[in-house]
Amino acid sequence: MPPSGTAIASLTPPKTARGQKTREALLRAAEKVFGEKGYHAASISEITQEAQVAMGTFYLYFKDKEELFRALVQHMLELVRAHVRKHVAPAATQIEAERLGLRAFLTFVARHKNLYRIVLDSYSVDESLYIGYFQVFADLYSRRLTKAEEAGEIVPGDAEVRAWCLIGISNFLGMRYALWKRPASMEKVVDSAFDLITHGLAGR
């Protein structure tokens, strides 16, 4: 287990293709079991059964349930980042990247509905794990917003505060429109949110 205060730690992946495949199977199974039952109710035996892996094999990859859970949070973080990064790559400006990134995030959540349960559970496992998950996105956002401000793409402002505001928008739109109840048109949701992000609430 990472030391206290270490929120998201990179774990050394298996060196063989077979080992990587087994570890990925355990992570996929963990996403399903933790997502459906929650961290505290889930058991290692349920996860190994879902992954079709022997109980003894589990301990070749993870020390215990908590270490698997920490690895899963890291894994989900990397999946989200990779998905969003791929879809914002064509953006020429930060404003354009906001629109593409929001759409990409909502698409990801719709396909990985267990993400929210897993991230929320991380708070009860280790608060720093929960904070660290969002801090990664906040740091990335802050750097990009600072560069956009320097390039004259956006008006000056506090990049850190703005980063957390944008995370909040994405997070709760994901809950409402990708997790709880799908809208008739996700594009209209993105359009409305993007209009708010771009123009604010003031009269025009």
# chains A, B, ... in the order shown; residues from 1 in each chain; ligands from 1
$ residues_around --residues "Ser43 (chain A)" --least-positions-apart "4" --cutoff "9 Å" --atoms "only C-alpha atoms" --output "list in words"
Val33, Phe34, Tyr39, Ile47, Thr48 and Lys65 of chain A
$ residues_around --residues "region 54-59 of chain A" --least-positions-apart "6" --cutoff "12 Å" --atoms "only C-alpha atoms" --output "MDAnalysis selection string"
chainID A and resid 19 22:27 29:30 43:48 65 67:68
$ residues_around --residues "region 153-165 of chain A" --least-positions-apart "3" --cutoff "6 Å" --atoms "only C-alpha atoms" --output "list in words"
Ala138, Tyr141, Ser142, Leu145, Ala148, Glu149 and Gly168 of chain A
$ write_last_selection --atoms "N, CA, C and O atoms" --output "tab-separated table (two decimals), in the first residue's frame"
chain	number	residue	atom	x	y	z
A	138	ALA	N	-7.12	18.60	-12.08
A	138	ALA	CA	-7.02	20.03	-11.77
A	138	ALA	C	-5.66	20.59	-12.19
A	138	ALA	O	-5.57	21.69	-12.74
A	141	TYR	N	-5.60	20.82	-16.02
A	141	TYR	CA	-6.45	21.94	-16.42
A	141	TYR	C	-5.74	23.27	-16.18
A	141	TYR	O	-5.73	24.16	-17.03
A	142	SER	N	-5.18	23.43	-14.99
A	142	SER	CA	-4.53	24.68	-14.61
A	142	SER	C	-3.41	25.03	-15.58
A	142	SER	O	-3.27	26.18	-16.01
A	145	LEU	N	-4.97	26.05	-18.98
A	145	LEU	CA	-5.62	27.35	-18.89
A	145	LEU	C	-4.60	28.48	-18.81
A	145	LEU	O	-4.80	29.55	-19.40
A	148	ALA	N	-3.28	28.96	-22.25
A	148	ALA	CA	-4.30	29.61	-23.08
A	148	ALA	C	-4.39	31.10	-22.77
A	148	ALA	O	-4.55	31.93	-23.68
A	149	GLU	N	-4.26	31.44	-21.50
A	149	GLU	CA	-4.29	32.86	-21.10
A	149	GLU	C	-3.07	33.58	-21.67
A	149	GLU	O	-3.19	34.70	-22.20
A	168	GLY	N	-16.05	20.47	-11.88
A	168	GLY	CA	-17.38	20.34	-11.30
A	168	GLY	C	-18.46	20.24	-12.35
A	168	GLY	O	-19.38	19.42	-12.24
$ residues_around --residues "region 84-91 of chain A" --least-positions-apart "6" --cutoff "12 Å" --atoms "only C-alpha atoms" --output "mmCIF file with all heavy atoms, in the first residue's frame"
data_model
loop_
_atom_site.group_PDB
_atom_site.id
_atom_site.type_symbol
_atom_site.label_atom_id
_atom_site.label_comp_id
_atom_site.auth_asym_id
_atom_site.auth_seq_id
_atom_site.Cartn_x
_atom_site.Cartn_y
_atom_site.Cartn_z
ATOM 1 N N LEU A 77 -8.370 6.356 -13.921
ATOM 2 C CA LEU A 77 -7.832 7.684 -14.200
ATOM 3 C C LEU A 77 -7.121 7.708 -15.550
ATOM 4 O O LEU A 77 -7.337 8.608 -16.371
ATOM 5 C CB LEU A 77 -6.863 8.089 -13.088
ATOM 6 C CG LEU A 77 -6.008 9.343 -13.324
ATOM 7 C CD1 LEU A 77 -6.884 10.576 -13.442
ATOM 8 C CD2 LEU A 77 -5.000 9.506 -12.197
ATOM 9 N N GLU A 78 -6.301 6.708 -15.788
ATOM 10 C CA GLU A 78 -5.560 6.636 -17.050
ATOM 11 C C GLU A 78 -6.487 6.429 -18.235
ATOM 12 O O GLU A 78 -6.261 6.992 -19.319
ATOM 13 C CB GLU A 78 -4.520 5.517 -16.969
ATOM 14 C CG GLU A 78 -3.391 5.809 -15.982
ATOM 15 C CD GLU A 78 -2.496 4.608 -15.729
ATOM 16 O OE1 GLU A 78 -2.844 3.505 -16.227
ATOM 17 O OE2 GLU A 78 -1.482 4.767 -15.035
ATOM 18 N N ALA A 97 -11.014 22.873 -27.228
ATOM 19 C CA ALA A 97 -10.676 21.674 -26.456
ATOM 20 C C ALA A 97 -11.698 21.435 -25.348
ATOM 21 O O ALA A 97 -12.002 20.282 -25.019
ATOM 22 C CB ALA A 97 -9.283 21.809 -25.857
ATOM 23 N N GLU A 98 -12.256 22.513 -24.768
ATOM 24 C CA GLU A 98 -13.272 22.367 -23.724
ATOM 25 C C GLU A 98 -14.499 21.641 -24.248
ATOM 26 O O GLU A 98 -15.039 20.756 -23.597
ATOM 27 C CB GLU A 98 -13.677 23.739 -23.180
ATOM 28 C CG GLU A 98 -12.626 24.413 -22.336
ATOM 29 C CD GLU A 98 -12.190 23.571 -21.165
ATOM 30 O OE1 GLU A 98 -13.032 22.861 -20.579
ATOM 31 O OE2 GLU A 98 -10.992 23.597 -20.837
ATOM 32 N N ARG A 99 -14.931 22.031 -25.420
ATOM 33 C CA ARG A 99 -16.119 21.407 -26.008
ATOM 34 C C ARG A 99 -15.860 19.933 -26.318
ATOM 35 O O ARG A 99 -16.653 19.055 -25.956
ATOM 36 C CB ARG A 99 -16.522 22.139 -27.282
ATOM 37 C CG ARG A 99 -17.783 21.586 -27.917
ATOM 38 C CD ARG A 99 -18.054 22.237 -29.269
ATOM 39 N NE ARG A 99 -19.320 21.761 -29.792
ATOM 40 C CZ ARG A 99 -20.502 22.301 -29.535
ATOM 41 N NH1 ARG A 99 -20.582 23.374 -28.772
ATOM 42 N NH2 ARG A 99 -21.610 21.788 -30.038
ATOM 43 N N LEU A 100 -14.760 19.662 -26.984
ATOM 44 C CA LEU A 100 -14.433 18.285 -27.355
ATOM 45 C C LEU A 100 -14.187 17.422 -26.120
ATOM 46 O O LEU A 100 -14.578 16.252 -26.074
ATOM 47 C CB LEU A 100 -13.204 18.265 -28.262
ATOM 48 C CG LEU A 100 -13.351 18.948 -29.627
ATOM 49 C CD1 LEU A 100 -12.012 18.940 -30.368
ATOM 50 C CD2 LEU A 100 -14.423 18.256 -30.453
ATOM 51 N N GLY A 101 -13.551 18.016 -25.115
ATOM 52 C CA GLY A 101 -13.246 17.274 -23.891
ATOM 53 C C GLY A 101 -14.495 16.926 -23.107
ATOM 54 O O GLY A 101 -14.613 15.818 -22.568
ATOM 55 N N LEU A 102 -15.439 17.864 -23.033
ATOM 56 C CA LEU A 102 -16.685 17.602 -22.321
ATOM 57 C C LEU A 102 -17.468 16.494 -23.004
ATOM 58 O O LEU A 102 -17.968 15.571 -22.349
ATOM 59 C CB LEU A 102 -17.533 18.873 -22.248
ATOM 60 C CG LEU A 102 -18.895 18.741 -21.573
ATOM 61 C CD1 LEU A 102 -18.751 18.226 -20.147
ATOM 62 C CD2 LEU A 102 -19.630 20.079 -21.591
ATOM 63 N N ARG A 103 -17.577 16.556 -24.308
ATOM 64 C CA ARG A 103 -18.289 15.520 -25.051
ATOM 65 C C ARG A 103 -17.613 14.165 -24.847
ATOM 66 O O ARG A 103 -18.290 13.150 -24.644
ATOM 67 C CB ARG A 103 -18.330 15.863 -26.539
ATOM 68 C CG ARG A 103 -19.107 14.829 -27.364
ATOM 69 C CD ARG A 103 -18.868 15.013 -28.848
ATOM 70 N NE ARG A 103 -19.354 16.287 -29.321
ATOM 71 C CZ ARG A 103 -18.697 17.065 -30.184
ATOM 72 N NH1 ARG A 103 -17.515 16.709 -30.617
ATOM 73 N NH2 ARG A 103 -19.237 18.189 -30.597
ATOM 74 N N ALA A 104 -16.291 14.147 -24.890
ATOM 75 C CA ALA A 104 -15.546 12.892 -24.718
ATOM 76 C C ALA A 104 -15.759 12.313 -23.326
ATOM 77 O O ALA A 104 -15.931 11.101 -23.162
ATOM 78 C CB ALA A 104 -14.058 13.124 -24.974
ATOM 79 N N PHE A 105 -15.770 13.177 -22.303
ATOM 80 C CA PHE A 105 -15.955 12.701 -20.938
ATOM 81 C C PHE A 105 -17.338 12.085 -20.755
ATOM 82 O O PHE A 105 -17.483 11.014 -20.162
ATOM 83 C CB PHE A 105 -15.755 13.834 -19.937
ATOM 84 C CG PHE A 105 -16.006 13.426 -18.518
ATOM 85 C CD1 PHE A 105 -15.086 12.642 -17.829
ATOM 86 C CD2 PHE A 105 -17.163 13.800 -17.864
ATOM 87 C CE1 PHE A 105 -15.320 12.230 -16.523
ATOM 88 C CE2 PHE A 105 -17.416 13.401 -16.561
ATOM 89 C CZ PHE A 105 -16.484 12.618 -15.891
ATOM 90 N N LEU A 106 -18.354 12.751 -21.265
ATOM 91 C CA LEU A 106 -19.721 12.232 -21.132
ATOM 92 C C LEU A 106 -19.874 10.901 -21.863
ATOM 93 O O LEU A 106 -20.564 9.996 -21.389
ATOM 94 C CB LEU A 106 -20.723 13.256 -21.670
ATOM 95 C CG LEU A 106 -20.808 14.571 -20.891
ATOM 96 C CD1 LEU A 106 -21.790 15.524 -21.556
ATOM 97 C CD2 LEU A 106 -21.197 14.334 -19.438
ATOM 98 N N THR A 107 -19.217 10.773 -22.992
ATOM 99 C CA THR A 107 -19.235 9.510 -23.731
ATOM 100 C C THR A 107 -18.570 8.402 -22.922
ATOM 101 O O THR A 107 -19.066 7.275 -22.851
ATOM 102 C CB THR A 107 -18.510 9.665 -25.078
ATOM 103 O OG1 THR A 107 -19.171 10.661 -25.861
ATOM 104 C CG2 THR A 107 -18.511 8.352 -25.850
ATOM 105 N N PHE A 108 -17.455 8.733 -22.286
ATOM 106 C CA PHE A 108 -16.729 7.743 -21.474
ATOM 107 C C PHE A 108 -17.583 7.278 -20.304
ATOM 108 O O PHE A 108 -17.694 6.077 -20.037
ATOM 109 C CB PHE A 108 -15.425 8.345 -20.958
ATOM 110 C CG PHE A 108 -14.602 7.375 -20.153
ATOM 111 C CD1 PHE A 108 -13.661 6.570 -20.775
ATOM 112 C CD2 PHE A 108 -14.782 7.253 -18.785
ATOM 113 C CE1 PHE A 108 -12.914 5.654 -20.028
ATOM 114 C CE2 PHE A 108 -14.046 6.345 -18.037
ATOM 115 C CZ PHE A 108 -13.110 5.536 -18.672
ATOM 116 N N VAL A 109 -18.196 8.224 -19.599
ATOM 117 C CA VAL A 109 -19.006 7.883 -18.430
ATOM 118 C C VAL A 109 -20.184 6.998 -18.823
ATOM 119 O O VAL A 109 -20.542 6.057 -18.107
ATOM 120 C CB VAL A 109 -19.508 9.157 -17.726
ATOM 121 C CG1 VAL A 109 -20.497 8.809 -16.621
ATOM 122 C CG2 VAL A 109 -18.333 9.925 -17.152
ATOM 123 N N PHE A 137 -6.462 15.924 -12.540
ATOM 124 C CA PHE A 137 -7.184 16.670 -13.571
ATOM 125 C C PHE A 137 -7.067 18.183 -13.341
ATOM 126 O O PHE A 137 -6.930 18.958 -14.294
ATOM 127 C CB PHE A 137 -8.657 16.259 -13.590
ATOM 128 C CG PHE A 137 -8.885 14.872 -14.093
ATOM 129 C CD1 PHE A 137 -9.219 13.839 -13.227
ATOM 130 C CD2 PHE A 137 -8.746 14.571 -15.440
ATOM 131 C CE1 PHE A 137 -9.417 12.550 -13.687
ATOM 132 C CE2 PHE A 137 -8.944 13.283 -15.919
ATOM 133 C CZ PHE A 137 -9.281 12.268 -15.035
ATOM 134 N N LEU A 140 -3.670 19.402 -14.565
ATOM 135 C CA LEU A 140 -3.631 19.438 -16.031
ATOM 136 C C LEU A 140 -4.417 20.636 -16.563
ATOM 137 O O LEU A 140 -3.949 21.362 -17.448
ATOM 138 C CB LEU A 140 -4.207 18.142 -16.604
ATOM 139 C CG LEU A 140 -3.358 16.881 -16.449
ATOM 140 C CD1 LEU A 140 -4.169 15.652 -16.841
ATOM 141 C CD2 LEU A 140 -2.105 16.971 -17.313
ATOM 142 N N SER A 170 -18.170 19.147 -15.499
ATOM 143 C CA SER A 170 -18.084 17.834 -16.148
ATOM 144 C C SER A 170 -18.584 16.725 -15.240
ATOM 145 O O SER A 170 -19.323 15.834 -15.672
ATOM 146 C CB SER A 170 -16.628 17.551 -16.554
ATOM 147 O OG SER A 170 -16.165 18.487 -17.492
#
$ select_by_dssp --residues "region 5-191 of chain A" --states "helix (DSSP H, G or I)" --output "number ranges by chain"
A: 17-37, 44-51, 55-58, 65-88, 94-111, 115-125, 127-150, 159-180, 186-191
$ closest_residue --among "A:Asn171, A:Ser185, A:Thr16, A:Gln49" --to "Phe134 (chain A)" --atoms "only C-alpha atoms"
A:Asn171
$ atom_distance --atom1 "CA of Gly35 (chain A)" --atom2 "CA of Ile118 (chain A)"
5.7 Å
$ closest_residue --among "A:Gly38, A:Phe62, A:Val136, A:His83" --to "Leu120 (chain A)" --atoms "only C-alpha atoms"
A:Gly38
$ atom_distance --atom1 "CA of Leu129 (chain A)" --atom2 "CA of Met76 (chain A)"
12.6 Å
$ closest_residue --among "A:Thr198, A:Ala151, A:Arg70, A:Trp180" --to "Glu127 (chain A)" --atoms "only C-alpha atoms"
A:Arg70
